[in-house]
>>> print(open('coords36.pdb').read())   # PDB, C-alpha atoms
MODEL        1
ATOM      1  CA  MET A   1     125.046 175.021 155.377  1.00  0.00           C
ATOM      2  CA  ASN A   2     128.624 174.176 154.437  1.00  0.00           C
ATOM      3  CA  ARG A   3     127.433 170.842 153.111  1.00  0.00           C
ATOM      4  CA  PHE A   4     124.918 172.607 150.866  1.00  0.00           C
ATOM      5  CA  PHE A   5     127.625 174.855 149.380  1.00  0.00           C
ATOM      6  CA  LYS A   6     129.882 171.827 148.804  1.00  0.00           C
ATOM      7  CA  ILE A   7     127.111 170.112 146.787  1.00  0.00           C
ATOM      8  CA  ILE A   8     126.585 173.249 144.719  1.00  0.00           C
ATOM      9  CA  PHE A   9     130.338 173.572 144.143  1.00  0.00           C
ATOM     10  CA  ILE A  10     130.687 169.925 142.999  1.00  0.00           C
ATOM     11  CA  ALA A  11     127.711 170.293 140.679  1.00  0.00           C
ATOM     12  CA  PHE A  12     129.275 173.431 139.245  1.00  0.00           C
ATOM     13  CA  LEU A  13     132.484 171.515 138.483  1.00  0.00           C
ATOM     14  CA  LEU A  14     130.671 168.559 136.884  1.00  0.00           C
ATOM     15  CA  PHE A  15     128.297 170.614 134.749  1.00  0.00           C
ATOM     16  CA  PRO A  16     130.822 171.292 131.929  1.00  0.00           C
ATOM     17  CA  LEU A  17     131.545 167.562 131.629  1.00  0.00           C
ATOM     18  CA  PHE A  18     127.831 166.817 131.413  1.00  0.00           C
ATOM     19  CA  ALA A  19     127.379 169.527 128.796  1.00  0.00           C
ATOM     20  CA  VAL A  20     130.257 168.162 126.699  1.00  0.00           C
ATOM     21  CA  ALA A  21     128.772 164.667 126.846  1.00  0.00           C
ATOM     22  CA  GLN A  22     125.411 166.001 125.693  1.00  0.00           C
ATOM     23  CA  GLN A  23     127.097 168.002 122.949  1.00  0.00           C
ATOM     24  CA  LYS A  24     128.951 164.958 121.643  1.00  0.00           C
ATOM     25  CA  GLN A  25     125.694 163.034 121.562  1.00  0.00           C
ATOM     26  CA  ALA A  26     124.050 165.797 119.555  1.00  0.00           C
ATOM     27  CA  ILE A  27     127.011 166.286 117.259  1.00  0.00           C
ATOM     28  CA  LYS A  28     127.315 162.741 116.015  1.00  0.00           C
ATOM     29  CA  SER A  29     124.721 160.009 115.645  1.00  0.00           C
ATOM     30  CA  THR A  30     124.935 157.159 113.162  1.00  0.00           C
ATOM     31  CA  THR A  31     122.047 155.501 111.359  1.00  0.00           C
ATOM     32  CA  GLN A  32     122.777 152.143 109.757  1.00  0.00           C
ATOM     33  CA  TYR A  33     120.552 150.370 107.255  1.00  0.00           C
ATOM     34  CA  ASN A  34     121.030 146.656 106.713  1.00  0.00           C
ATOM     35  CA  PHE A  35     119.878 145.066 103.468  1.00  0.00           C
ATOM     36  CA  SER A  36     119.343 141.315 103.750  1.00  0.00           C
ATOM     37  CA  GLU A  37     117.759 140.534 100.368  1.00  0.00           C
ATOM     38  CA  MET A  38     118.890 140.867  96.771  1.00  0.00           C
ATOM     39  CA  TRP A  39     116.268 140.722  94.008  1.00  0.00           C
ATOM     40  CA  ILE A  40     117.562 139.860  90.540  1.00  0.00           C
ATOM     41  CA  TRP A  41     116.086 140.272  87.069  1.00  0.00           C
ATOM     42  CA  GLU A  42     117.653 139.176  83.766  1.00  0.00           C
ATOM     43  CA  TYR A  43     117.154 141.359  80.693  1.00  0.00           C
ATOM     44  CA  THR A  44     118.246 141.802  77.116  1.00  0.00           C
ATOM     45  CA  ASP A  45     120.209 145.021  76.607  1.00  0.00           C
ATOM     46  CA  ALA A  46     120.210 147.353  73.597  1.00  0.00           C
ATOM     47  CA  ASN A  47     122.907 145.227  71.923  1.00  0.00           C
ATOM     48  CA  GLY A  48     120.924 142.026  72.294  1.00  0.00           C
ATOM     49  CA  LYS A  49     123.117 140.673  75.096  1.00  0.00           C
ATOM     50  CA  MET A  50     121.829 139.141  78.314  1.00  0.00           C
ATOM     51  CA  ALA A  51     122.558 141.088  81.506  1.00  0.00           C
ATOM     52  CA  GLN A  52     121.352 141.191  85.107  1.00  0.00           C
ATOM     53  CA  MET A  53     119.917 143.883  87.337  1.00  0.00           C
ATOM     54  CA  ALA A  54     120.283 143.255  91.093  1.00  0.00           C
ATOM     55  CA  ILE A  55     118.561 145.421  93.717  1.00  0.00           C
ATOM     56  CA  TYR A  56     118.943 145.281  97.506  1.00  0.00           C
ATOM     57  CA  ARG A  57     115.963 145.303  99.884  1.00  0.00           C
ATOM     58  CA  GLU A  58     115.538 146.034 103.595  1.00  0.00           C
ATOM     59  CA  PRO A  59     112.375 144.010 104.346  1.00  0.00           C
ATOM     60  CA  LYS A  60     111.394 145.578 107.700  1.00  0.00           C
ATOM     61  CA  LEU A  61     111.306 149.160 106.410  1.00  0.00           C
ATOM     62  CA  ASN A  62     110.638 148.180 102.784  1.00  0.00           C
ATOM     63  CA  TYR A  63     113.611 150.262 101.610  1.00  0.00           C
ATOM     64  CA  TRP A  64     115.359 149.582  98.293  1.00  0.00           C
ATOM     65  CA  LEU A  65     119.042 150.231  97.592  1.00  0.00           C
ATOM     66  CA  LEU A  66     120.402 150.743  94.087  1.00  0.00           C
ATOM     67  CA  THR A  67     124.140 150.522  93.457  1.00  0.00           C
ATOM     68  CA  PRO A  68     125.639 151.422  90.056  1.00  0.00           C
ATOM     69  CA  ASP A  69     127.356 148.113  89.303  1.00  0.00           C
ATOM     70  CA  ASP A  70     124.610 145.801  90.586  1.00  0.00           C
ATOM     71  CA  ALA A  71     121.635 147.804  89.301  1.00  0.00           C
ATOM     72  CA  GLY A  72     123.308 148.471  85.951  1.00  0.00           C
ATOM     73  CA  PHE A  73     123.624 152.257  85.615  1.00  0.00           C
ATOM     74  CA  ARG A  74     127.411 152.659  85.947  1.00  0.00           C
ATOM     75  CA  GLU A  75     127.837 153.715  82.301  1.00  0.00           C
ATOM     76  CA  THR A  76     125.495 156.696  82.621  1.00  0.00           C
ATOM     77  CA  ASP A  77     126.395 157.751  86.182  1.00  0.00           C
ATOM     78  CA  GLU A  78     130.015 157.516  87.327  1.00  0.00           C
ATOM     79  CA  MET A  79     129.861 159.492  90.600  1.00  0.00           C
ATOM     80  CA  THR A  80     126.872 157.963  92.402  1.00  0.00           C
ATOM     81  CA  LEU A  81     127.626 155.484  95.187  1.00  0.00           C
ATOM     82  CA  TRP A  82     124.025 154.431  95.824  1.00  0.00           C
ATOM     83  CA  PHE A  83     120.366 155.445  95.852  1.00  0.00           C
ATOM     84  CA  LEU A  84     118.167 154.739  98.873  1.00  0.00           C
ATOM     85  CA  LEU A  85     114.461 154.504  97.973  1.00  0.00           C
ATOM     86  CA  LYS A  86     111.855 154.921 100.719  1.00  0.00           C
ATOM     87  CA  PRO A  87     108.159 154.022 100.311  1.00  0.00           C
ATOM     88  CA  ASN A  88     107.092 157.618 101.111  1.00  0.00           C
ATOM     89  CA  GLY A  89     108.710 158.822  97.864  1.00  0.00           C
ATOM     90  CA  GLU A  90     111.994 160.065  99.324  1.00  0.00           C
ATOM     91  CA  VAL A  91     115.138 159.135  97.382  1.00  0.00           C
ATOM     92  CA  LEU A  92     118.591 159.714  98.890  1.00  0.00           C
ATOM     93  CA  GLN A  93     121.502 159.844  96.439  1.00  0.00           C
ATOM     94  CA  ALA A  94     125.016 159.396  97.787  1.00  0.00           C
ATOM     95  CA  TYR A  95     127.779 160.459  95.450  1.00  0.00           C
ATOM     96  CA  GLN A  96     131.489 161.222  95.462  1.00  0.00           C
ATOM     97  CA  ASP A  97     132.612 164.569  94.069  1.00  0.00           C
ATOM     98  CA  GLY A  98     135.796 163.829  92.124  1.00  0.00           C
ATOM     99  CA  GLU A  99     136.605 167.512  91.632  1.00  0.00           C
ATOM    100  CA  LYS A 100     136.588 168.431  95.334  1.00  0.00           C
ATOM    101  CA  SER A 101     138.927 166.067  97.175  1.00  0.00           C
ATOM    102  CA  ASN A 102     136.633 163.094  96.569  1.00  0.00           C
ATOM    103  CA  ARG A 103     134.223 164.279  99.248  1.00  0.00           C
ATOM    104  CA  LYS A 104     131.111 162.191  99.729  1.00  0.00           C
ATOM    105  CA  LYS A 105     127.816 164.062  99.576  1.00  0.00           C
ATOM    106  CA  LEU A 106     124.129 163.354  99.879  1.00  0.00           C
ATOM    107  CA  VAL A 107     121.261 164.744  97.808  1.00  0.00           C
ATOM    108  CA  LYS A 108     117.543 164.228  98.435  1.00  0.00           C
ATOM    109  CA  HIS A 109     115.034 163.750  95.616  1.00  0.00           C
ATOM    110  CA  GLN A 110     111.289 163.337  95.907  1.00  0.00           C
ATOM    111  CA  LEU A 111     108.975 161.068  93.962  1.00  0.00           C
ATOM    112  CA  HIS A 112     105.202 161.038  94.331  1.00  0.00           C
ATOM    113  CA  PRO A 113     103.825 157.479  94.392  1.00  0.00           C
ATOM    114  CA  VAL A 114     100.054 157.211  93.988  1.00  0.00           C
ATOM    115  CA  LYS A 115      98.382 154.253  95.645  1.00  0.00           C
ATOM    116  CA  LYS A 116      96.526 152.007  93.200  1.00  0.00           C
ATOM    117  CA  ASN A 117      94.109 149.348  94.414  1.00  0.00           C
ATOM    118  CA  LYS A 118      93.643 147.262  91.280  1.00  0.00           C
ATOM    119  CA  LEU A 119      94.996 146.545  87.826  1.00  0.00           C
ATOM    120  CA  PRO A 120      93.732 148.735  84.971  1.00  0.00           C
ATOM    121  CA  ASP A 121      90.868 147.327  82.887  1.00  0.00           C
ATOM    122  CA  TYR A 122      93.071 147.002  79.796  1.00  0.00           C
ATOM    123  CA  TRP A 123      95.208 144.401  81.588  1.00  0.00           C
ATOM    124  CA  LYS A 124      93.542 141.151  80.560  1.00  0.00           C
ATOM    125  CA  ALA A 125      94.254 137.914  82.431  1.00  0.00           C
ATOM    126  CA  THR A 126      94.694 134.893  80.152  1.00  0.00           C
ATOM    127  CA  GLY A 127      94.401 132.202  82.818  1.00  0.00           C
ATOM    128  CA  LYS A 128      97.925 130.957  82.147  1.00  0.00           C
ATOM    129  CA  SER A 129     100.508 130.722  84.928  1.00  0.00           C
ATOM    130  CA  LYS A 130     104.232 130.132  85.293  1.00  0.00           C
ATOM    131  CA  TYR A 131     106.686 129.771  88.171  1.00  0.00           C
ATOM    132  CA  PHE A 132     109.707 132.054  88.616  1.00  0.00           C
ATOM    133  CA  GLY A 133     112.633 132.043  91.010  1.00  0.00           C
ATOM    134  CA  ASP A 134     114.994 129.578  92.622  1.00  0.00           C
ATOM    135  CA  THR A 135     114.916 127.966  96.072  1.00  0.00           C
ATOM    136  CA  PHE A 136     118.709 127.698  96.539  1.00  0.00           C
ATOM    137  CA  SER A 137     118.779 130.627  98.998  1.00  0.00           C
ATOM    138  CA  GLY A 138     115.744 129.603 101.017  1.00  0.00           C
ATOM    139  CA  PHE A 139     113.155 131.732  99.194  1.00  0.00           C
ATOM    140  CA  PRO A 140     110.220 129.956  97.520  1.00  0.00           C
ATOM    141  CA  THR A 141     109.436 130.168  93.834  1.00  0.00           C
ATOM    142  CA  ILE A 142     106.762 132.666  92.825  1.00  0.00           C
ATOM    143  CA  LYS A 143     103.690 131.784  90.763  1.00  0.00           C
ATOM    144  CA  GLY A 144     103.034 134.416  88.123  1.00  0.00           C
ATOM    145  CA  LEU A 145      99.783 134.942  86.223  1.00  0.00           C
ATOM    146  CA  GLU A 146      99.863 135.980  82.570  1.00  0.00           C
ATOM    147  CA  TYR A 147      98.325 139.255  81.400  1.00  0.00           C
ATOM    148  CA  LYS A 148      97.974 140.668  77.898  1.00  0.00           C
ATOM    149  CA  VAL A 149      98.042 144.423  77.335  1.00  0.00           C
ATOM    150  CA  SER A 150      97.074 146.152  74.094  1.00  0.00           C
ATOM    151  CA  TYR A 151      97.363 149.889  73.638  1.00  0.00           C
ATOM    152  CA  THR A 152      94.517 151.615  71.769  1.00  0.00           C
ATOM    153  CA  LYS A 153      96.541 154.441  70.183  1.00  0.00           C
ATOM    154  CA  THR A 154      99.380 152.221  68.938  1.00  0.00           C
ATOM    155  CA  ASN A 155     100.014 148.706  67.696  1.00  0.00           C
ATOM    156  CA  ASP A 156     102.211 147.956  70.702  1.00  0.00           C
ATOM    157  CA  LYS A 157     101.437 144.714  72.493  1.00  0.00           C
ATOM    158  CA  SER A 158     102.783 143.381  75.796  1.00  0.00           C
ATOM    159  CA  THR A 159     102.701 140.116  77.696  1.00  0.00           C
ATOM    160  CA  PHE A 160     103.371 140.263  81.445  1.00  0.00           C
ATOM    161  CA  TYR A 161     103.558 137.784  84.279  1.00  0.00           C
ATOM    162  CA  LEU A 162     102.583 139.297  87.622  1.00  0.00           C
ATOM    163  CA  ALA A 163     102.298 138.165  91.243  1.00  0.00           C
ATOM    164  CA  THR A 164     101.354 139.885  94.487  1.00  0.00           C
ATOM    165  CA  THR A 165     104.053 140.346  97.116  1.00  0.00           C
ATOM    166  CA  LYS A 166     104.602 141.873 100.569  1.00  0.00           C
ATOM    167  CA  ALA A 167     107.166 144.223  99.045  1.00  0.00           C
ATOM    168  CA  ASP A 168     106.172 147.594  97.575  1.00  0.00           C
ATOM    169  CA  LEU A 169     107.758 148.030  94.152  1.00  0.00           C
ATOM    170  CA  SER A 170     106.120 151.367  93.265  1.00  0.00           C
ATOM    171  CA  MET A 171     109.355 153.299  93.917  1.00  0.00           C
ATOM    172  CA  LEU A 172     111.261 151.054  91.513  1.00  0.00           C
ATOM    173  CA  SER A 173     108.599 151.705  88.874  1.00  0.00           C
ATOM    174  CA  LEU A 174     108.901 155.484  89.307  1.00  0.00           C
ATOM    175  CA  PHE A 175     112.687 155.750  89.667  1.00  0.00           C
ATOM    176  CA  ASN A 176     113.373 156.470  85.984  1.00  0.00           C
ATOM    177  CA  ASP A 177     111.093 159.519  86.203  1.00  0.00           C
ATOM    178  CA  LEU A 178     113.790 161.366  88.199  1.00  0.00           C
ATOM    179  CA  ASN A 179     115.633 164.028  86.213  1.00  0.00           C
ATOM    180  CA  ILE A 180     119.053 162.459  86.797  1.00  0.00           C
ATOM    181  CA  ASP A 181     121.651 160.549  84.777  1.00  0.00           C
ATOM    182  CA  ALA A 182     121.076 157.168  86.425  1.00  0.00           C
ATOM    183  CA  LYS A 183     118.370 154.990  84.867  1.00  0.00           C
ATOM    184  CA  LEU A 184     117.424 151.418  85.623  1.00  0.00           C
ATOM    185  CA  PRO A 185     117.868 149.142  82.601  1.00  0.00           C
ATOM    186  CA  VAL A 186     114.539 147.479  83.392  1.00  0.00           C
ATOM    187  CA  ARG A 187     111.500 149.782  83.323  1.00  0.00           C
ATOM    188  CA  PHE A 188     108.625 148.351  85.321  1.00  0.00           C
ATOM    189  CA  PRO A 189     105.031 149.347  84.473  1.00  0.00           C
ATOM    190  CA  LYS A 190     103.822 152.377  86.443  1.00  0.00           C
ATOM    191  CA  ASP A 191     100.081 151.790  86.080  1.00  0.00           C
ATOM    192  CA  ILE A 192      99.792 148.774  88.389  1.00  0.00           C
ATOM    193  CA  PRO A 193      99.562 148.571  92.215  1.00  0.00           C
ATOM    194  CA  GLY A 194     102.875 148.639  94.066  1.00  0.00           C
ATOM    195  CA  ASN A 195     102.329 145.240  95.695  1.00  0.00           C
ATOM    196  CA  PHE A 196     102.539 143.549  92.278  1.00  0.00           C
ATOM    197  CA  ILE A 197     105.921 142.265  91.159  1.00  0.00           C
ATOM    198  CA  THR A 198     106.569 142.133  87.417  1.00  0.00           C
ATOM    199  CA  LEU A 199     108.058 138.678  86.897  1.00  0.00           C
ATOM    200  CA  SER A 200     108.472 139.048  83.163  1.00  0.00           C
ATOM    201  CA  GLU A 201     107.652 141.309  80.266  1.00  0.00           C
ATOM    202  CA  TYR A 202     107.743 140.784  76.541  1.00  0.00           C
ATOM    203  CA  SER A 203     106.668 143.882  74.616  1.00  0.00           C
ATOM    204  CA  VAL A 204     106.759 144.401  70.868  1.00  0.00           C
ATOM    205  CA  PHE A 205     106.942 147.932  69.480  1.00  0.00           C
ATOM    206  CA  PRO A 206     106.562 147.835  65.672  1.00  0.00           C
ATOM    207  CA  GLY A 207     109.393 149.723  64.048  1.00  0.00           C
ATOM    208  CA  SER A 208     111.395 150.194  67.248  1.00  0.00           C
ATOM    209  CA  GLY A 209     112.144 146.726  68.583  1.00  0.00           C
ATOM    210  CA  ALA A 210     111.125 144.807  71.679  1.00  0.00           C
ATOM    211  CA  VAL A 211     111.604 144.686  75.451  1.00  0.00           C
ATOM    212  CA  ARG A 212     112.274 141.440  77.261  1.00  0.00           C
ATOM    213  CA  TYR A 213     113.170 140.736  80.896  1.00  0.00           C
ATOM    214  CA  SER A 214     112.469 138.061  83.477  1.00  0.00           C
ATOM    215  CA  PHE A 215     112.735 137.671  87.255  1.00  0.00           C
ATOM    216  CA  ARG A 216     115.480 135.250  88.302  1.00  0.00           C
ATOM    217  CA  TYR A 217     115.414 134.861  92.099  1.00  0.00           C
ATOM    218  CA  ILE A 218     115.758 136.418  95.568  1.00  0.00           C
ATOM    219  CA  SER A 219     118.936 135.651  97.483  1.00  0.00           C
ATOM    220  CA  GLN A 220     120.054 136.288 101.043  1.00  0.00           C
ATOM    221  CA  THR A 221     122.803 138.870 101.405  1.00  0.00           C
ATOM    222  CA  GLU A 222     124.487 141.245 103.868  1.00  0.00           C
ATOM    223  CA  TYR A 223     124.896 144.813 102.651  1.00  0.00           C
ATOM    224  CA  TYR A 224     124.756 147.922 104.791  1.00  0.00           C
ATOM    225  CA  ILE A 225     125.150 151.683 104.537  1.00  0.00           C
ATOM    226  CA  GLN A 226     125.685 154.243 107.295  1.00  0.00           C
ATOM    227  CA  LEU A 227     124.528 157.837 107.523  1.00  0.00           C
ATOM    228  CA  VAL A 228     126.321 160.046 110.050  1.00  0.00           C
ATOM    229  CA  ARG A 229     124.355 163.116 111.152  1.00  0.00           C
ATOM    230  CA  LEU A 230     126.439 166.061 112.311  1.00  0.00           C
ATOM    231  CA  GLN A 231     124.973 168.875 114.443  1.00  0.00           C
ATOM    232  CA  ASP A 232     121.478 167.777 113.462  1.00  0.00           C
ATOM    233  CA  SER A 233     121.774 169.590 110.140  1.00  0.00           C
ATOM    234  CA  ALA A 234     124.335 168.004 107.818  1.00  0.00           C
ATOM    235  CA  VAL A 235     124.370 164.379 106.746  1.00  0.00           C
ATOM    236  CA  ASN A 236     127.636 162.685 105.830  1.00  0.00           C
ATOM    237  CA  ILE A 237     128.304 159.213 104.531  1.00  0.00           C
ATOM    238  CA  ARG A 238     130.546 156.485 105.814  1.00  0.00           C
TER
ENDMDL
END
>>> encode(input="coords36.pdb", output="structure tokens")
Amino acid sequence: MNRFFKIIFIAFLLFPLFAVAQQKQAIKSTTQYNFSEMWIWEYTDANGKMAQMAIYREPKLNYWLLTPDDAGFRETDEMTLWFLLKPNGEVLQAYQDGEKSNRKKLVKHQLHPVKKNKLPDYWKATGKSKYFGDTFSGFPTIKGLEYKVSYTKTNDKSTFYLATTKADLSMLSLFNDLNIDAKLPVRFPKDIPGNFITLSEYSVFPGSGAVRYSFRYISQTEYYIQLVRLQDSAVNIR
């Protein structure tokens, strides 16, 4: 009987330590995302100068990461640290509030990607092809097929080179629809399936100029972000 009471007494003493350990586990858990690819496009800006847009990719989860300097939206958005784009339409925006002790905060936006199974009928294949990319980082070149697009209500005309890919680019195509300051300098077509990569576009808009951009290459990289969840309710950023 005495032995039984001793066991109960020891368990009573150890219970607070066990509870504290469980509390610490619940209070703080870190999620890290590692981005191992960088996809790069070259474009002509509004001043006629050549520039680059670089976007990070996490291939296992098919997440995209946009940073202001690499993706090219620093001039329109000074506080954002990065955007994390998930294939389910969720967009996480990390930013630093300069007016409140430089605290880092996180905001969630929601896009609504619609799955498309084929190219629209007004996309006409020409039979021409062209290779894009560079093999210096171990990724193969990509064969693009040429498509011509004419718009019935305007005189606008576009020439695209497309290829299918394992990546889902639908979130990149929809990103500029968000009601925020940040905008990608390259606007991908929204009316094509997400597994198509736009390797180049040359569009002529009579009276308002032209759009020109081209895919450069994919390179290997190491870039990571960490989300620290506190008390299962608030998300901070490291």
>>> residues_around(input="coords36.pdb", residues="Gln110 of chain A", least_positions_apart="3", cutoff="10 Å", atoms="all atoms listed in the file", output="PyMOL selection string")
chain A and resi 85-86+88-92+113+175+178
>>> residues_near_point(input="coords36.pdb", point="(99.1, 154.0, 100.0)", cutoff="12 Å", atoms="all atoms listed in the file", output="ChimeraX atom specification")
/A:87-89,112-117,168,170-171,193-195
>>> closest_residue(input="coords36.pdb", among="A:Phe160, A:Tyr95, A:Tyr43, A:Phe188", to="Gly72 of chain A", atoms="only C-alpha atoms")
A:Tyr43
>>> resolve_selection(input="coords36.pdb", expression="the PyMOL selection byres ((chain A and resi 191) around 8)", output="list in words")
Lys116, Leu119, Pro120, Pro189, Lys190, Ile192 and Pro193 of chain A
>>> write_last_selection(input="coords36.pdb", atoms="C-alpha atoms", output="CSV table (one decimal), keeping the file's coordinate frame")
chain,number,residue,atom,x,y,z
A,116,LYS,CA,96.5,152.0,93.2
A,119,LEU,CA,95.0,146.5,87.8
A,120,PRO,CA,93.7,148.7,85.0
A,189,PRO,CA,105.0,149.3,84.5
A,190,LYS,CA,103.8,152.4,86.4
A,192,ILE,CA,99.8,148.8,88.4
A,193,PRO,CA,99.6,148.6,92.2
>>> resolve_selection(input="coords36.pdb", expression="the PyMOL selection byres ((chain A and resi 135-147) around 12)", output="PyMOL selection string")
chain A and resi 36-39+119-134+148-150+157-165+192+196-203+214-221
>>> atom_distance(input="coords36.pdb", atom1="atom CA of Tyr223 of chain A", atom2="atom CA of Asn176 of chain A")
23.4 Å
>>> closest_residue(input="coords36.pdb", among="A:Lys118, A:His109, A:Arg187, A:Lys60", to="Ala167 of chain A", atoms="only C-alpha atoms")
A:Lys60
>>> residues_around(input="coords36.pdb", residues="Gln52 of chain A", least_positions_apart="3", cutoff="8 Å", atoms="only C-alpha atoms", output="number ranges by chain")
A: 40-43, 70-72
>>> write_last_selection(input="coords36.pdb", atoms="C-alpha atoms", output="compact mmCIF listing (two decimals), in the coordinates of the input")
# COMPACT_ATOMS: atom_id res chain seq x y z
CA ILE A 40 117.56 139.86 90.54
CA TRP A 41 116.09 140.27 87.07
CA GLU A 42 117.65 139.18 83.77
CA TYR A 43 117.15 141.36 80.69
CA ASP A 70 124.61 145.80 90.59
CA ALA A 71 121.64 147.80 89.30
CA GLY A 72 123.31 148.47 85.95
>>> resolve_selection(input="coords36.pdb", expression="the PyMOL selection byres ((chain A and resi 93) around 12)", output="MDAnalysis selection string")
chainID A and resid 65:68 77 79:86 90:92 94:96 104:110 175 178 180:182 227 235:237
>>> closest_residue(input="coords36.pdb", among="A:Lys166, A:Arg74, A:Asn155, A:Ala210", to="Met53 of chain A", atoms="only C-alpha atoms")
A:Arg74
>>> atom_distance(input="coords36.pdb", atom1="atom CA of Tyr224 of chain A", atom2="atom CA of Asp69 of chain A")
15.7 Å
>>> atom_distance(input="coords36.pdb", atom1="atom CA of Gln226 of chain A", atom2="atom CA of Thr76 of chain A")
24.8 Å
>>> axis_aligned_box(input="coords36.pdb", around="segment 176-194 of chain A", padding_each_side="3 Å", output="lines of an AutoDock Vina configuration file")
center_x = 110.6
center_y = 155.8
center_z = 88.3
size_x = 28.1
size_y = 22.5
size_z = 17.5
>>> closest_residue(input="coords36.pdb", among="A:Val204, A:Ile225, A:Leu184, A:Leu174", to="Glu58 of chain A", atoms="only C-alpha atoms")
A:Ile225
